[in-house]
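S.K.: Below you will find the structure I want to go over with you.
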Amino acid sequence: MRILAAALGALLISTSQPALALGGHEQGELAQTEAQQTEAPAAEMQQAEVKQGVAPLGEPEQPQMRQAAAPQVEPPQGALAAVPQAGLPRDVKWTVFVELKYGTRLDVPSAVFATPDGSANRGVGRQFKTPDGRASLAVYSQSNDARDTPASYLRKNLISARAALDYERLTPEFFAIAAVMGDSIYYSRCNFSHNAGRAIHCFDLKYPVQEKQSWDGIVTRMSRSLRPLHGG
């Protein structure tokens with residue numbers, strides 16, 4: 001798996017395929033929020049069509065999204081006020097993305113990532129982008145045949161010095177890394193299942209560094225919502 005691809009300035013690398021990779025978020029906010037994993041309602045985890053701004057995927061055994069009923073996450077102070085200036089919709093229309101093969105679920109702002117962008121470049125999943133292409137998202141799952149932990153995975157795949165990261169959080173259940181590269185922030189998070197499937201559940205996000213304050217609340221909610229579909 002490649003989390004920060006060569007074309008964007010690679011930080012992680014694993015397979016021979018290029019990939020999307022994503023970074024940066026406010027460390028204090030994520031340190032508090034990423035460790036909080038709440039159970040999603042069972043209805044949110046059912047296969048459904050994409051609604052409110054994302055076209056149906058229409059492929060068997062492919063990830064899908066539907067309108068989320070998950071509670072809103074309080075964004076950092078000032079983030080909501082900055083949304084219009086950043087060109088983000090005032091109502092981002094939260095949906096639940098579900099990847100069925102390995103079982104990954106993620107809250108996605110479908111009015112922001114309104115343009116499907118094909119299959120993920122690694123694992124099983126999908127990519128989306130904003131209509132103007134300034135921000136992009138990849139959500140994907142992959143098997144963990146090597147039985148990697150978050151720590152061992154990073155040791156094997158982080159090709160840049162950790163000092164190059166602007167943010168890093170590592171626990172027995174997940175890792176999250178972030179970096180500012182040029183005019184973009186790249187944020188990647190992967191959760192590691194301990195159930196029989198032992199899958200890795202990930203999303204990569206890229207967005208403009210000048211819009212960081214407006215994106216903080218979005219990144220926080222997405223990071224908190226990432227989880228296996230069928231328990232840990």
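Ligands are numbered from 1 in the order shown, chains are lettered A, B, ... in the order of the structure tokens, and residues start at 1 in each chain.
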Write out as a compact mmCIF listing (two decimals) with N, CA and C atoms, in the first residue's frame the residues lying within 10 Å of Ala164 of chain A, counting only C-alpha atoms and excluding same-chain residues fewer than 4 positions away.
M.R.:
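Once everything was written out, this is out17.txt:
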# COMPACT_ATOMS: atom_id res chain seq x y z
N LEU A 11 5.58 9.35 1.49
CA LEU A 11 5.97 9.10 2.88
C LEU A 11 5.91 7.62 3.18
N SER A 160 9.92 8.06 4.61
CA SER A 160 10.49 9.34 5.00
C SER A 160 10.76 9.34 6.50
N ALA A 178 0.09 12.76 9.19
CA ALA A 178 -0.24 13.94 8.41
C ALA A 178 1.02 14.67 8.02
N ALA A 179 0.95 15.33 6.88
CA ALA A 179 2.08 16.13 6.41
C ALA A 179 1.58 17.25 5.52
N VAL A 180 2.26 18.37 5.60
CA VAL A 180 2.01 19.48 4.68
C VAL A 180 3.04 19.40 3.57
N MET A 181 2.56 19.35 2.34
CA MET A 181 3.45 19.28 1.17
C MET A 181 2.99 20.32 0.16
S.K.: Sorted by chain and rising residue number, list the residues of segment 118-163 of chain A at most 9 Å from segment 198-217 of chain A (counting only C-alpha atoms), each with its closest atom pair and distance in Å to one decimal, as JSON lines.
M.R.:
{"residue": "A:Arg134", "atom": "CA", "partner": "A:Tyr207", "partner_atom": "CA", "distance": 6.4}
{"residue": "A:Ala135", "atom": "CA", "partner": "A:Tyr207", "partner_atom": "CA", "distance": 4.4}
{"residue": "A:Ser136", "atom": "CA", "partner": "A:Lys206", "partner_atom": "CA", "distance": 5.3}
{"residue": "A:Leu137", "atom": "CA", "partner": "A:Leu205", "partner_atom": "CA", "distance": 4.7}
{"residue": "A:Ala138", "atom": "CA", "partner": "A:Asp204", "partner_atom": "CA", "distance": 5.2}
{"residue": "A:Val139", "atom": "CA", "partner": "A:Phe203", "partner_atom": "CA", "distance": 4.3}
{"residue": "A:Tyr140", "atom": "CA", "partner": "A:Cys202", "partner_atom": "CA", "distance": 5.5}
{"residue": "A:Ser141", "atom": "CA", "partner": "A:His201", "partner_atom": "CA", "distance": 4.6}
{"residue": "A:Gln142", "atom": "CA", "partner": "A:Ile200", "partner_atom": "CA", "distance": 5.3}
{"residue": "A:Ser143", "atom": "CA", "partner": "A:Ala199", "partner_atom": "CA", "distance": 4.5}
{"residue": "A:Asn144", "atom": "CA", "partner": "A:Ala199", "partner_atom": "CA", "distance": 5.2}
{"residue": "A:Asp145", "atom": "CA", "partner": "A:Arg198", "partner_atom": "CA", "distance": 7.8}
{"residue": "A:Arg147", "atom": "CA", "partner": "A:Arg198", "partner_atom": "CA", "distance": 7.4}
S.K.: Could you save those same residues with N, CA, C and O atoms as a PDB file, in the first residue's frame?
M.R.:
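The new file again.pdb reads:
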ATOM      1  N   ARG A 134      -9.751  20.186  -6.110  1.00  0.00           N
ATOM      2  CA  ARG A 134      -8.763  20.710  -5.158  1.00  0.00           C
ATOM      3  C   ARG A 134      -8.600  19.818  -3.929  1.00  0.00           C
ATOM      4  O   ARG A 134      -7.610  19.924  -3.200  1.00  0.00           O
ATOM      5  N   ALA A 135      -9.562  18.940  -3.685  1.00  0.00           N
ATOM      6  CA  ALA A 135      -9.476  18.004  -2.563  1.00  0.00           C
ATOM      7  C   ALA A 135      -9.879  16.623  -3.060  1.00  0.00           C
ATOM      8  O   ALA A 135     -10.690  16.494  -3.984  1.00  0.00           O
ATOM      9  N   SER A 136      -9.312  15.588  -2.454  1.00  0.00           N
ATOM     10  CA  SER A 136      -9.590  14.223  -2.895  1.00  0.00           C
ATOM     11  C   SER A 136      -9.609  13.286  -1.696  1.00  0.00           C
ATOM     12  O   SER A 136      -9.022  13.560  -0.650  1.00  0.00           O
ATOM     13  N   LEU A 137     -10.305  12.159  -1.885  1.00  0.00           N
ATOM     14  CA  LEU A 137     -10.512  11.185  -0.826  1.00  0.00           C
ATOM     15  C   LEU A 137     -10.425   9.781  -1.401  1.00  0.00           C
ATOM     16  O   LEU A 137     -10.964   9.509  -2.475  1.00  0.00           O
ATOM     17  N   ALA A 138      -9.725   8.891  -0.714  1.00  0.00           N
ATOM     18  CA  ALA A 138      -9.735   7.464  -1.033  1.00  0.00           C
ATOM     19  C   ALA A 138     -10.121   6.701   0.232  1.00  0.00           C
ATOM     20  O   ALA A 138      -9.570   6.961   1.305  1.00  0.00           O
ATOM     21  N   VAL A 139     -11.077   5.788   0.105  1.00  0.00           N
ATOM     22  CA  VAL A 139     -11.504   4.929   1.210  1.00  0.00           C
ATOM     23  C   VAL A 139     -11.322   3.493   0.743  1.00  0.00           C
ATOM     24  O   VAL A 139     -11.796   3.134  -0.335  1.00  0.00           O
ATOM     25  N   TYR A 140     -10.644   2.673   1.532  1.00  0.00           N
ATOM     26  CA  TYR A 140     -10.320   1.332   1.056  1.00  0.00           C
ATOM     27  C   TYR A 140     -10.038   0.388   2.221  1.00  0.00           C
ATOM     28  O   TYR A 140      -9.774   0.815   3.355  1.00  0.00           O
ATOM     29  N   SER A 141     -10.097  -0.916   1.913  1.00  0.00           N
ATOM     30  CA  SER A 141      -9.788  -1.972   2.867  1.00  0.00           C
ATOM     31  C   SER A 141      -8.797  -2.921   2.221  1.00  0.00           C
ATOM     32  O   SER A 141      -8.739  -3.031   0.990  1.00  0.00           O
ATOM     33  N   GLN A 142      -8.036  -3.619   3.037  1.00  0.00           N
ATOM     34  CA  GLN A 142      -7.130  -4.641   2.517  1.00  0.00           C
ATOM     35  C   GLN A 142      -6.894  -5.705   3.581  1.00  0.00           C
ATOM     36  O   GLN A 142      -7.081  -5.459   4.772  1.00  0.00           O
ATOM     37  N   SER A 143      -6.514  -6.884   3.136  1.00  0.00           N
ATOM     38  CA  SER A 143      -6.246  -7.968   4.077  1.00  0.00           C
ATOM     39  C   SER A 143      -4.931  -7.702   4.806  1.00  0.00           C
ATOM     40  O   SER A 143      -4.056  -6.994   4.300  1.00  0.00           O
ATOM     41  N   ASN A 144      -4.821  -8.268   5.984  1.00  0.00           N
ATOM     42  CA  ASN A 144      -3.613  -8.112   6.793  1.00  0.00           C
ATOM     43  C   ASN A 144      -2.954  -9.470   6.968  1.00  0.00           C
ATOM     44  O   ASN A 144      -2.829  -9.989   8.073  1.00  0.00           O
ATOM     45  N   ASP A 145      -2.542 -10.056   5.840  1.00  0.00           N
ATOM     46  CA  ASP A 145      -1.958 -11.394   5.866  1.00  0.00           C
ATOM     47  C   ASP A 145      -0.665 -11.449   6.679  1.00  0.00           C
ATOM     48  O   ASP A 145      -0.318 -12.487   7.242  1.00  0.00           O
ATOM     49  N   ARG A 147      -0.185  -9.955   9.378  1.00  0.00           N
ATOM     50  CA  ARG A 147      -0.515  -9.752  10.794  1.00  0.00           C
ATOM     51  C   ARG A 147       0.214  -8.541  11.365  1.00  0.00           C
ATOM     52  O   ARG A 147       0.706  -8.555  12.499  1.00  0.00           O
TER      53      ARG A 147
END
S.K.: Using only C-alpha atoms, pick whichever of A:Thr104, A:Thr115, A:Thr149, A:Thr220 has the shortest atom-to-atom distance to Phe192 of chain A.
M.R.: A:Thr149
S.K.: Could you name the residues that touch Gly118 of chain A at 8 Å or less, counting only C-alpha atoms, but leaving out those on the same chain fewer than 5 positions away, as a PyMOL selection string?
M.R.: chain A and resi 126-128
S.K.: Write the residues you've just listed into a file as an mmCIF file, in the first residue's frame, and include C-alpha atoms for each of them.
M.R.:
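Heads up, here's the output in part10.cif:
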data_model
loop_
_atom_site.group_PDB
_atom_site.id
_atom_site.type_symbol
_atom_site.label_atom_id
_atom_site.label_comp_id
_atom_site.auth_asym_id
_atom_site.auth_seq_id
_atom_site.Cartn_x
_atom_site.Cartn_y
_atom_site.Cartn_z
ATOM 1 C CA ARG A 126 -13.348 3.953 -4.019
ATOM 2 C CA GLN A 127 -11.990 7.423 -4.653
ATOM 3 C CA PHE A 128 -13.854 10.738 -4.713
#
S.K.: Point out the residue among A:Leu88, A:Ala161, A:Leu170, A:Val124 with the least atom-to-atom distance to Gly103 of chain A, counting only C-alpha atoms.
M.R.: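 Among the listed residues, the smallest separation from Gly103 of chain A belongs to A:Val124.
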S.K.: List the neighbours of Arg105 of chain A out to 9 Å using only C-alpha atoms; skip same-chain residues closer than 6 positions along the sequence, and give me the result as a list in words.
M.R.: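 Here the qualifying residues turn out to be Glu44, Met45, Val96, Phe97, Val98, Glu99, Val139, His201, Ser225, Leu226, Arg227, Pro228 and Leu229 of chain A.
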S.K.: Would you export the selected residues with C-alpha atoms as a PDB file, in the first residue's frame, please?
M.R.:
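Below you can see result_21.pdb, which holds the result:
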ATOM      1  CA  GLU A  44     -26.155   2.851   9.089  1.00  0.00           C
ATOM      2  CA  MET A  45     -24.088  -0.213   8.314  1.00  0.00           C
ATOM      3  CA  VAL A  96     -22.031   6.569   5.391  1.00  0.00           C
ATOM      4  CA  PHE A  97     -19.574   4.884   3.030  1.00  0.00           C
ATOM      5  CA  VAL A  98     -19.512   1.076   3.254  1.00  0.00           C
ATOM      6  CA  GLU A  99     -16.946  -1.234   1.686  1.00  0.00           C
ATOM      7  CA  VAL A 139     -11.504   4.929   1.210  1.00  0.00           C
ATOM      8  CA  HIS A 201      -9.442  -0.181   7.124  1.00  0.00           C
ATOM      9  CA  SER A 225     -16.059   7.512  12.280  1.00  0.00           C
ATOM     10  CA  LEU A 226     -13.613   5.103  10.604  1.00  0.00           C
ATOM     11  CA  ARG A 227     -14.240   1.569  11.882  1.00  0.00           C
ATOM     12  CA  PRO A 228     -14.745  -2.050  10.836  1.00  0.00           C
ATOM     13  CA  LEU A 229     -18.264  -2.752   9.659  1.00  0.00           C
TER      14      LEU A 229
END
S.K.: What does the distance from atom CA of Pro150 of chain A to atom CA of Arg224 of chain A come to in Å, to one decimal?
M.R.: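 Computing the Euclidean distance for atom CA of Pro150 of chain A and atom CA of Arg224 of chain A yields 16.7 Å.
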S.K.: One number please: atom CA of Ile218 of chain A to atom CA of Val108 of chain A, in Å, one decimal.
M.R.: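 One can read the atom CA of Ile218 of chain A to atom CA of Val108 of chain A distance as 8.6 Å.
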S.K.: Which value, in Å to one decimal, gives the distance between atom CA of Asn121 of chain A and atom CA of Gly87 of chain A?
M.R.: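 Here the two named atoms are 27.5 Å from each other.
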S.K.: Which of these, A:Gly133, A:Tyr187, A:Tyr102, A:His230, has the shortest distance to Tyr167 of chain A once you count only C-alpha atoms?
M.R.: A:Tyr187
